[in-house]
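Dropping upload.txt in here (compact mmCIF, C-alpha atoms):
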```txt
# COMPACT_ATOMS: atom_id res chain seq x y z
CA MET A 1 77.94 94.49 101.95
CA ALA A 2 79.62 94.03 105.33
CA HIS A 3 78.40 91.05 107.29
CA ALA A 4 77.92 90.77 111.04
CA VAL A 5 77.89 86.96 110.98
CA VAL A 6 79.47 84.62 108.46
CA VAL A 7 79.07 80.83 108.63
CA ARG A 8 80.81 78.81 105.92
CA ASP A 9 80.37 75.05 105.57
CA VAL A 10 80.38 74.45 109.32
CA ARG A 11 80.24 70.84 110.47
CA LYS A 12 80.02 69.42 113.98
CA ARG A 13 79.55 65.85 115.14
CA PHE A 14 78.80 64.54 118.64
CA GLY A 15 79.63 60.86 118.46
CA ALA A 16 77.19 59.28 116.01
CA VAL A 17 75.11 62.45 115.75
CA GLN A 18 75.85 64.88 112.93
CA ALA A 19 74.64 68.07 114.61
CA LEU A 20 75.79 70.40 111.80
CA ALA A 21 76.19 69.05 108.29
CA GLY A 22 77.72 71.84 106.25
CA VAL A 23 75.84 74.96 107.35
CA SER A 24 76.50 78.19 105.42
CA LEU A 25 74.82 81.56 105.85
CA GLU A 26 75.59 85.28 106.07
CA VAL A 27 73.83 87.91 108.17
CA PRO A 28 74.36 91.53 107.05
CA ARG A 29 75.06 94.15 109.70
CA GLY A 30 71.90 95.66 111.14
CA GLU A 31 69.62 92.81 110.09
CA PHE A 32 66.97 91.15 112.29
CA PHE A 33 67.51 87.53 111.27
CA GLY A 34 65.51 84.45 112.25
CA LEU A 35 66.95 80.96 112.68
CA LEU A 36 64.12 78.43 112.94
CA GLY A 37 63.81 74.68 113.14
CA PRO A 38 62.40 71.81 115.19
CA ASN A 39 64.10 70.52 118.33
CA GLY A 40 67.35 68.81 117.40
CA ALA A 41 67.76 70.71 114.12
CA GLY A 42 71.16 72.10 115.16
CA LYS A 43 70.24 75.70 116.02
CA THR A 44 71.72 75.74 119.52
CA THR A 45 74.83 73.88 118.34
CA LEU A 46 75.37 76.55 115.69
CA ILE A 47 74.94 79.31 118.27
CA SER A 48 77.33 77.53 120.64
CA ALA A 49 79.93 77.29 117.87
CA LEU A 50 79.45 80.97 117.07
CA GLY A 51 80.03 81.86 120.72
CA GLY A 52 83.01 79.53 121.13
CA LEU A 53 81.23 77.16 123.52
CA ALA A 54 81.53 74.36 120.96
CA ILE A 55 84.41 73.95 118.50
CA ALA A 56 83.35 73.19 114.94
CA ASP A 57 84.97 70.15 113.36
CA SER A 58 85.44 72.10 110.13
CA GLY A 59 84.32 75.29 108.42
CA ARG A 60 84.66 78.93 109.37
CA LEU A 61 82.68 81.26 111.63
CA GLU A 62 83.11 85.03 111.87
CA VAL A 63 81.54 87.74 114.00
CA MET A 64 82.00 91.31 112.73
CA GLY A 65 84.89 90.11 110.59
CA HIS A 66 86.67 88.33 113.46
CA ASP A 67 87.32 84.61 113.21
CA VAL A 68 85.67 82.85 116.15
CA GLN A 69 88.72 80.66 116.78
CA GLY A 70 91.66 82.65 115.43
CA ASP A 71 90.59 86.04 116.79
CA TYR A 72 88.43 84.81 119.62
CA ARG A 73 88.82 87.80 121.98
CA ALA A 74 87.49 90.30 119.44
CA ALA A 75 84.78 87.85 118.33
CA ARG A 76 83.57 87.38 121.93
CA ARG A 77 83.45 91.14 122.54
CA ALA A 78 81.33 91.61 119.43
CA LEU A 79 78.76 89.02 120.47
CA GLY A 80 76.11 88.81 123.19
CA ILE A 81 74.21 85.54 123.58
CA VAL A 82 71.04 84.97 125.58
CA PRO A 83 71.00 81.18 126.05
CA GLN A 84 67.97 78.93 126.41
CA GLU A 85 68.94 77.78 129.88
CA VAL A 86 68.58 80.10 132.86
CA VAL A 87 71.99 79.94 134.57
CA PHE A 88 72.87 82.20 137.49
CA ASP A 89 75.12 82.54 140.52
CA PRO A 90 72.90 82.45 143.65
CA PHE A 91 75.38 84.43 145.77
CA PHE A 92 75.06 87.81 144.06
CA THR A 93 72.45 90.50 143.59
CA VAL A 94 71.18 91.51 140.16
CA ARG A 95 73.41 94.60 140.04
CA GLU A 96 76.46 92.64 141.25
CA THR A 97 75.81 90.03 138.56
CA LEU A 98 75.88 92.70 135.86
CA GLU A 99 78.95 94.41 137.35
CA ILE A 100 80.82 91.09 137.39
CA GLN A 101 79.79 90.47 133.77
CA SER A 102 81.13 93.93 132.90
CA GLY A 103 84.41 93.00 134.53
CA TYR A 104 84.78 89.99 132.22
CA PHE A 105 85.05 92.46 129.34
CA GLY A 106 87.32 94.89 131.19
CA LEU A 107 84.61 97.56 131.60
CA ARG A 108 85.38 99.53 134.78
CA ARG A 109 82.88 102.40 134.53
CA ASN A 110 79.74 100.80 133.19
CA GLY A 111 77.27 101.94 135.86
CA ALA A 112 75.21 104.23 133.62
CA TRP A 113 74.60 101.49 131.05
CA ILE A 114 73.79 98.97 133.79
CA ASP A 115 71.23 101.42 135.19
CA GLU A 116 69.69 101.81 131.73
CA LEU A 117 69.49 98.05 131.27
CA LEU A 118 67.83 97.65 134.66
CA GLU A 119 65.31 100.34 133.79
CA ARG A 120 64.57 99.21 130.24
CA LEU A 121 64.12 95.57 131.28
CA ALA A 122 61.96 96.48 134.31
CA LEU A 123 64.60 95.21 136.74
CA ALA A 124 65.30 98.46 138.63
CA SER A 125 63.15 97.43 141.61
CA LYS A 126 65.11 94.17 141.84
CA ALA A 127 68.59 95.63 141.45
CA ASP A 128 69.61 94.78 145.03
CA ALA A 129 67.67 91.50 145.25
CA ASN A 130 69.60 88.25 145.40
CA MET A 131 69.40 86.25 142.19
CA ARG A 132 67.98 83.17 143.89
CA SER A 133 64.99 85.17 145.14
CA LEU A 134 63.83 86.12 141.64
CA SER A 135 61.02 84.50 139.68
CA GLY A 136 61.82 82.58 136.51
CA GLY A 137 60.78 85.50 134.32
CA MET A 138 62.93 87.94 136.27
CA LYS A 139 65.93 85.62 136.03
CA ARG A 140 65.46 85.53 132.25
CA ARG A 141 65.44 89.34 132.16
CA VAL A 142 68.80 89.29 133.96
CA MET A 143 70.11 86.84 131.35
CA VAL A 144 69.19 89.34 128.65
CA ALA A 145 70.88 92.17 130.56
CA GLN A 146 74.04 90.07 130.99
CA ALA A 147 74.23 89.46 127.24
CA LEU A 148 73.93 93.18 126.55
CA VAL A 149 76.09 94.58 129.35
CA HIS A 150 79.15 95.04 127.09
CA ARG A 151 77.07 96.64 124.27
CA PRO A 152 77.79 93.98 121.65
CA PRO A 153 77.02 94.88 118.03
CA VAL A 154 75.64 91.36 117.46
CA ILE A 155 72.94 89.93 119.72
CA VAL A 156 71.87 86.29 119.59
CA LEU A 157 68.62 85.36 121.32
CA ASP A 158 68.11 81.61 121.76
CA GLU A 159 64.44 81.08 122.73
CA PRO A 160 64.40 84.29 124.83
CA THR A 161 60.63 84.26 125.53
CA ALA A 162 60.18 80.55 126.25
CA GLY A 163 57.86 80.20 129.24
CA VAL A 164 57.71 83.91 130.07
CA ASP A 165 54.71 86.15 130.58
CA VAL A 166 53.21 88.58 128.08
CA GLU A 167 54.58 91.64 129.90
CA LEU A 168 58.19 90.45 129.64
CA ARG A 169 57.70 89.50 126.01
CA GLN A 170 56.45 92.98 125.14
CA THR A 171 59.14 94.69 127.22
CA LEU A 172 61.88 92.58 125.66
CA TRP A 173 60.78 93.07 122.06
CA SER A 174 60.35 96.81 122.51
CA PHE A 175 63.92 97.03 123.81
CA ILE A 176 65.41 94.71 121.17
CA ARG A 177 63.61 96.50 118.34
CA GLY A 178 65.14 99.75 119.59
CA LEU A 179 68.63 98.22 119.60
CA ASN A 180 68.11 96.86 116.09
CA GLU A 181 66.94 100.27 114.86
CA ALA A 182 70.08 101.75 116.39
CA GLY A 183 72.21 99.42 114.24
CA HIS A 184 72.63 96.24 116.30
CA THR A 185 72.38 92.95 114.43
CA VAL A 186 69.91 90.50 115.99
CA VAL A 187 69.75 86.74 115.42
CA LEU A 188 66.66 85.10 116.90
CA THR A 189 65.69 81.48 117.41
CA THR A 190 62.16 80.86 118.63
CA HIS A 191 59.32 78.35 118.52
CA TYR A 192 56.86 81.26 118.60
CA LEU A 193 56.67 81.61 114.83
CA GLU A 194 54.42 84.65 115.00
CA GLU A 195 57.31 86.48 116.70
CA ALA A 196 59.68 85.58 113.88
CA GLN A 197 57.11 86.63 111.26
CA GLN A 198 56.66 90.04 112.88
CA LEU A 199 60.29 90.76 113.74
CA CYS A 200 62.59 89.12 111.20
CA SER A 201 63.31 90.51 107.74
CA ARG A 202 64.98 87.27 106.67
CA ILE A 203 64.71 83.69 107.92
CA ALA A 204 66.73 80.49 107.68
CA MET A 205 65.10 77.17 108.51
CA MET A 206 67.16 74.22 109.70
CA LYS A 207 66.45 70.50 109.69
CA GLU A 208 68.80 67.69 110.68
CA GLY A 209 71.84 69.96 110.77
CA ARG A 210 71.23 71.60 107.39
CA ILE A 211 69.73 74.83 106.08
CA VAL A 212 66.61 73.78 104.15
CA ALA A 213 65.21 77.26 103.39
CA LEU A 214 66.76 80.71 103.41
CA ASP A 215 65.01 83.80 102.10
CA THR A 216 63.22 86.98 103.08
CA THR A 217 60.17 86.50 105.27
CA ALA A 218 57.96 88.03 102.58
CA ARG A 219 59.18 85.68 99.85
CA LEU A 220 58.85 82.61 102.06
CA LEU A 221 55.27 83.56 102.87
CA ALA A 222 54.49 84.18 99.21
CA ALA A 223 56.08 80.95 97.99
CA PHE A 224 54.90 78.48 100.60
CA SER A 225 51.75 79.91 102.11
CA GLU A 226 48.46 81.30 100.89
CA ARG A 227 45.52 83.43 101.89
CA VAL A 228 42.55 81.47 103.12
CA LEU A 229 38.86 82.34 103.21
CA ARG A 230 37.19 80.90 106.29
CA VAL A 231 33.41 80.72 106.55
CA LYS A 232 30.98 79.19 109.00
CA LEU A 233 27.49 78.50 107.69
CA GLU A 234 24.35 79.27 109.63
CA ARG A 235 22.33 77.16 107.21
CA GLY A 236 22.60 75.72 103.74
CA ALA A 237 25.48 73.89 102.07
CA LEU A 238 28.51 74.77 100.00
CA PRO A 239 28.04 74.84 96.24
CA ALA A 240 29.91 72.06 94.45
CA PRO A 241 32.71 74.24 92.95
CA LEU A 242 33.66 75.47 96.43
CA ALA A 243 33.17 72.11 98.17
CA GLU A 244 35.69 70.48 95.80
CA ARG A 245 38.55 72.58 97.16
CA ALA A 246 37.36 73.23 100.72
CA THR A 247 38.41 71.63 103.98
CA ARG A 248 36.53 71.75 107.25
CA ASP A 249 38.04 71.99 110.72
CA ALA A 250 36.76 70.61 114.01
CA ALA A 251 35.03 73.90 114.89
CA GLY A 252 32.92 73.80 111.74
CA TRP A 253 34.81 76.40 109.69
CA TRP A 254 35.14 75.81 105.94
CA ARG A 255 38.48 76.91 104.47
CA PHE A 256 39.32 77.62 100.82
CA PRO A 257 42.55 79.00 99.38
CA ILE A 258 42.25 82.36 97.63
CA ALA A 259 44.66 84.36 95.49
CA ASP A 260 43.13 87.81 95.95
CA MET A 261 40.02 89.68 97.02
CA ALA A 262 38.35 89.03 93.65
CA HIS A 263 38.25 85.35 94.60
CA VAL A 264 36.55 86.28 97.88
CA GLU A 265 33.84 88.11 95.97
CA GLN A 266 33.38 85.13 93.64
CA ALA A 267 33.11 82.71 96.57
CA LEU A 268 30.53 84.89 98.33
CA ALA A 269 28.49 85.19 95.12
CA SER A 270 28.52 81.39 94.77
CA LEU A 271 27.34 80.98 98.36
CA ARG A 272 24.50 83.47 97.85
CA GLU A 273 23.39 81.77 94.64
CA ALA A 274 23.36 78.40 96.45
CA GLY A 275 21.14 79.88 99.19
CA ALA A 276 23.75 79.43 101.94
CA VAL A 277 23.57 81.83 104.89
CA LEU A 278 26.82 82.82 106.63
CA ALA A 279 27.22 82.90 110.39
CA SER A 280 30.85 84.16 110.26
CA LEU A 281 33.50 85.02 107.71
CA GLU A 282 37.18 85.99 107.79
CA VAL A 283 40.15 86.21 105.46
CA ALA A 284 43.30 84.74 107.00
CA GLU A 285 46.62 86.15 105.78
CA PRO A 286 49.59 83.83 105.10
CA GLU A 287 51.23 82.53 108.27
CA LEU A 288 54.81 81.49 108.89
CA GLU A 289 53.57 78.39 110.72
CA GLN A 290 52.13 77.08 107.43
CA VAL A 291 55.41 77.77 105.68
CA PHE A 292 57.39 76.02 108.43
CA VAL A 293 55.25 72.87 108.35
CA ARG A 294 55.38 72.62 104.55
CA ILE A 295 59.14 73.10 104.40
CA MET A 296 59.81 70.62 107.20
CA HIS A 297 57.77 67.98 105.33
CA ARG A 298 59.36 68.53 101.93
CA GLU A 299 61.10 65.41 100.66
CA GLU A 300 63.86 67.25 98.82
CA PRO A 301 64.51 70.54 100.62
CA ALA A 302 66.61 73.14 98.90
CA ALA A 303 68.12 76.29 100.33
CA ARG A 304 68.14 79.62 98.54
CA PRO A 305 71.40 81.57 98.92
```
Would you kindly transcribe this structure into structure tokens?
Amino acid sequence: MAHAVVVRDVRKRFGAVQALAGVSLEVPRGEFFGLLGPNGAGKTTLISALGGLAIADSGRLEVMGHDVQGDYRAARRALGIVPQEVVFDPFFTVRETLEIQSGYFGLRRNGAWIDELLERLALASKADANMRSLSGGMKRRVMVAQALVHRPPVIVLDEPTAGVDVELRQTLWSFIRGLNEAGHTVVLTTHYLEEAQQLCSRIAMMKEGRIVALDTTARLLAAFSERVLRVKLERGALPAPLAERATRDAAGWWRFPIADMAHVEQALASLREAGAVLASLEVAEPELEQVFVRIMHREEPAARP
């Protein structure tokens, strides 16, 4: 299988800090891949090394088969990165900013694609506005457009929806999903784990410069998370068999792990027999947040190739 991104035993140190401690992963072409981890895990350093903004101390990085250092021109053309930080030149309009970015890649007649980007990212009304006059959310939209202006086959989104409104989030994901369906490879880092759960077919989790979990989203959810039955009682008490394995949150909801719907029926039968009356009930599906917390607190993490 051809790979869009290859990272092999990459290491990077900043003084006393080991930012990357032997990271290896492969992202097949066309995949929507998630890269998750707490602050300081090494995600942004890895992205910077992939984009040539940081030079790895050792190891190898490739984008679409091009070595990031040895064949850097082709690697840069194949990659579009939306960074965390909003960086812009205050002297140009939105359209001029995208035209200048096109020029960096030698694209002379890119007006039609720029127009499409402006339209799809809801920037058309701001095309002739100066960058410094835009709101924070609008500036972030321009950052996305800049990363895509040369139509890169690999798109890296580093916290693209941090601090933005719901409208931009929906607009962005609709557009990115379309690009992914058209064959673009997408690598996403985000602290909004529900986004990663919905969008990513496979996920790597990083901690202290290492990959500590790497698998499909479905298998991670199955291995490290569980369905939960949540009930709130109007009156009565839990029967002893349920109380032994239940926890209660601050809002008064009782939670018990369940394997399948047969367990739900058994729990409800036990509650009826005990004379308990339910005020509310829900079955919560596995969540990536649970998986993330459990993996980050494992004493001996292990990655799956």
* Structure fact -> One residue among A:Arg132, A:Arg76, A:Glu208, A:Val231 is nearest to Arg11 of chain A when using all atoms listed in the file, and that residue is A:Glu208
* **Among the residues A:His3, A:Arg169, A:His263, A:Arg140, the one that comes closest to Glu62 of chain A [using all atoms listed in the file]** => A:His3
* So how many Å separate atom CA of Asn110 of chain A and atom CA of Gly30 of chain A, to one decimal? -> 24.0 Å
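With distances restricted to only C-alpha atoms, A:Leu242 is the closest residue to Ala274 of chain A from A:Ala250, A:Leu242, A:Val68, A:Val166.
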* For Leu229 of chain A: contacts at 6 Å, all atoms listed in the file, fewer than 2 positions along chain excluded, given as a count of residues only -> 3
* For segment 118-128 of chain A, please output as a list in words all residues within 10 Å (counting all atoms listed in the file; exclusion window: fewer than 2 positions along the same chain). => Phe92, Thr93, Val94, Arg95, Glu96, Thr97, Leu98, Ala112, Trp113, Ile114, Asp115, Glu116, Asn130, Met131, Ser133, Leu134, Met138, Lys139, Arg141, Val142, Val144, Ala145, Glu167, Leu168, Thr171, Leu172, Ser174 and Phe175 of chain A
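For the choices A:Gly183, A:Gly209, A:Pro241, A:Gly178, the atom-to-atom distance to Ala19 of chain A is smallest for A:Gly209 when using all atoms listed in the file.
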* Asked: What lies within 8 Å of Ile155 of chain A using all atoms listed in the file, ignoring chain neighbours under 6 positions off, as a ChimeraX atom specification?
  -> /A:79-82,147-148,184-187
Please write the residues from the selection above to a file, keeping C-alpha atoms, as a PDB file, in the coordinates of the input.
```
ATOM      1  CA  LEU A  79      78.760  89.020 120.470  1.00  0.00           C
ATOM      2  CA  GLY A  80      76.110  88.810 123.190  1.00  0.00           C
ATOM      3  CA  ILE A  81      74.210  85.540 123.580  1.00  0.00           C
ATOM      4  CA  VAL A  82      71.040  84.970 125.580  1.00  0.00           C
ATOM      5  CA  ALA A 147      74.230  89.460 127.240  1.00  0.00           C
ATOM      6  CA  LEU A 148      73.930  93.180 126.550  1.00  0.00           C
ATOM      7  CA  HIS A 184      72.630  96.240 116.300  1.00  0.00           C
ATOM      8  CA  THR A 185      72.380  92.950 114.430  1.00  0.00           C
ATOM      9  CA  VAL A 186      69.910  90.500 115.990  1.00  0.00           C
ATOM     10  CA  VAL A 187      69.750  86.740 115.420  1.00  0.00           C
TER      11      VAL A 187
END
```
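In this structure, atom CA of Asp158 of chain A sits 6.8 Å away from atom CA of Thr190 of chain A.
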* Residue nearest Glu273 of chain A among A:Pro257, A:Pro239, A:Pro286, A:Pro83 (counting all atoms listed in the file) -> A:Pro239
* Compile the contact shell of Gly136 of chain A as a PyMOL selection string: residues with an atom at most 12 Å away, counting all atoms listed in the file, same-chain residues fewer than 5 positions apart removed. => chain A and resi 85-88+131+141-143+161-165+168
* Using only C-alpha atoms, pick whichever of A:Ser58, A:Gln266, A:Asn39, A:Gln290 has the shortest atom-to-atom distance to Ser24 of chain A. => A:Ser58
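For the pair atom CA of Val6 of chain A and atom CA of Leu61 of chain A, the interatomic distance is 5.6 Å.
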* To do: Please identify all polymer residues lying at most 10 Å from the point (48.9, 78.0, 107.9) (file coordinates), using all atoms listed in the file, and present the result as a PyMOL selection string.
  => chain A and resi 221+224-228+284-294
Residues just named, written with C-alpha atoms as a compact mmCIF listing (two decimals), in the coordinates of the input:
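To be explicit, this is the file written out as out_39.txt:
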```
# COMPACT_ATOMS: atom_id res chain seq x y z
CA LEU A 221 55.27 83.56 102.87
CA PHE A 224 54.90 78.48 100.60
CA SER A 225 51.75 79.91 102.11
CA GLU A 226 48.46 81.30 100.89
CA ARG A 227 45.52 83.43 101.89
CA VAL A 228 42.55 81.47 103.12
CA ALA A 284 43.30 84.74 107.00
CA GLU A 285 46.62 86.15 105.78
CA PRO A 286 49.59 83.83 105.10
CA GLU A 287 51.23 82.53 108.27
CA LEU A 288 54.81 81.49 108.89
CA GLU A 289 53.57 78.39 110.72
CA GLN A 290 52.13 77.08 107.43
CA VAL A 291 55.41 77.77 105.68
CA PHE A 292 57.39 76.02 108.43
CA VAL A 293 55.25 72.87 108.35
CA ARG A 294 55.38 72.62 104.55
```
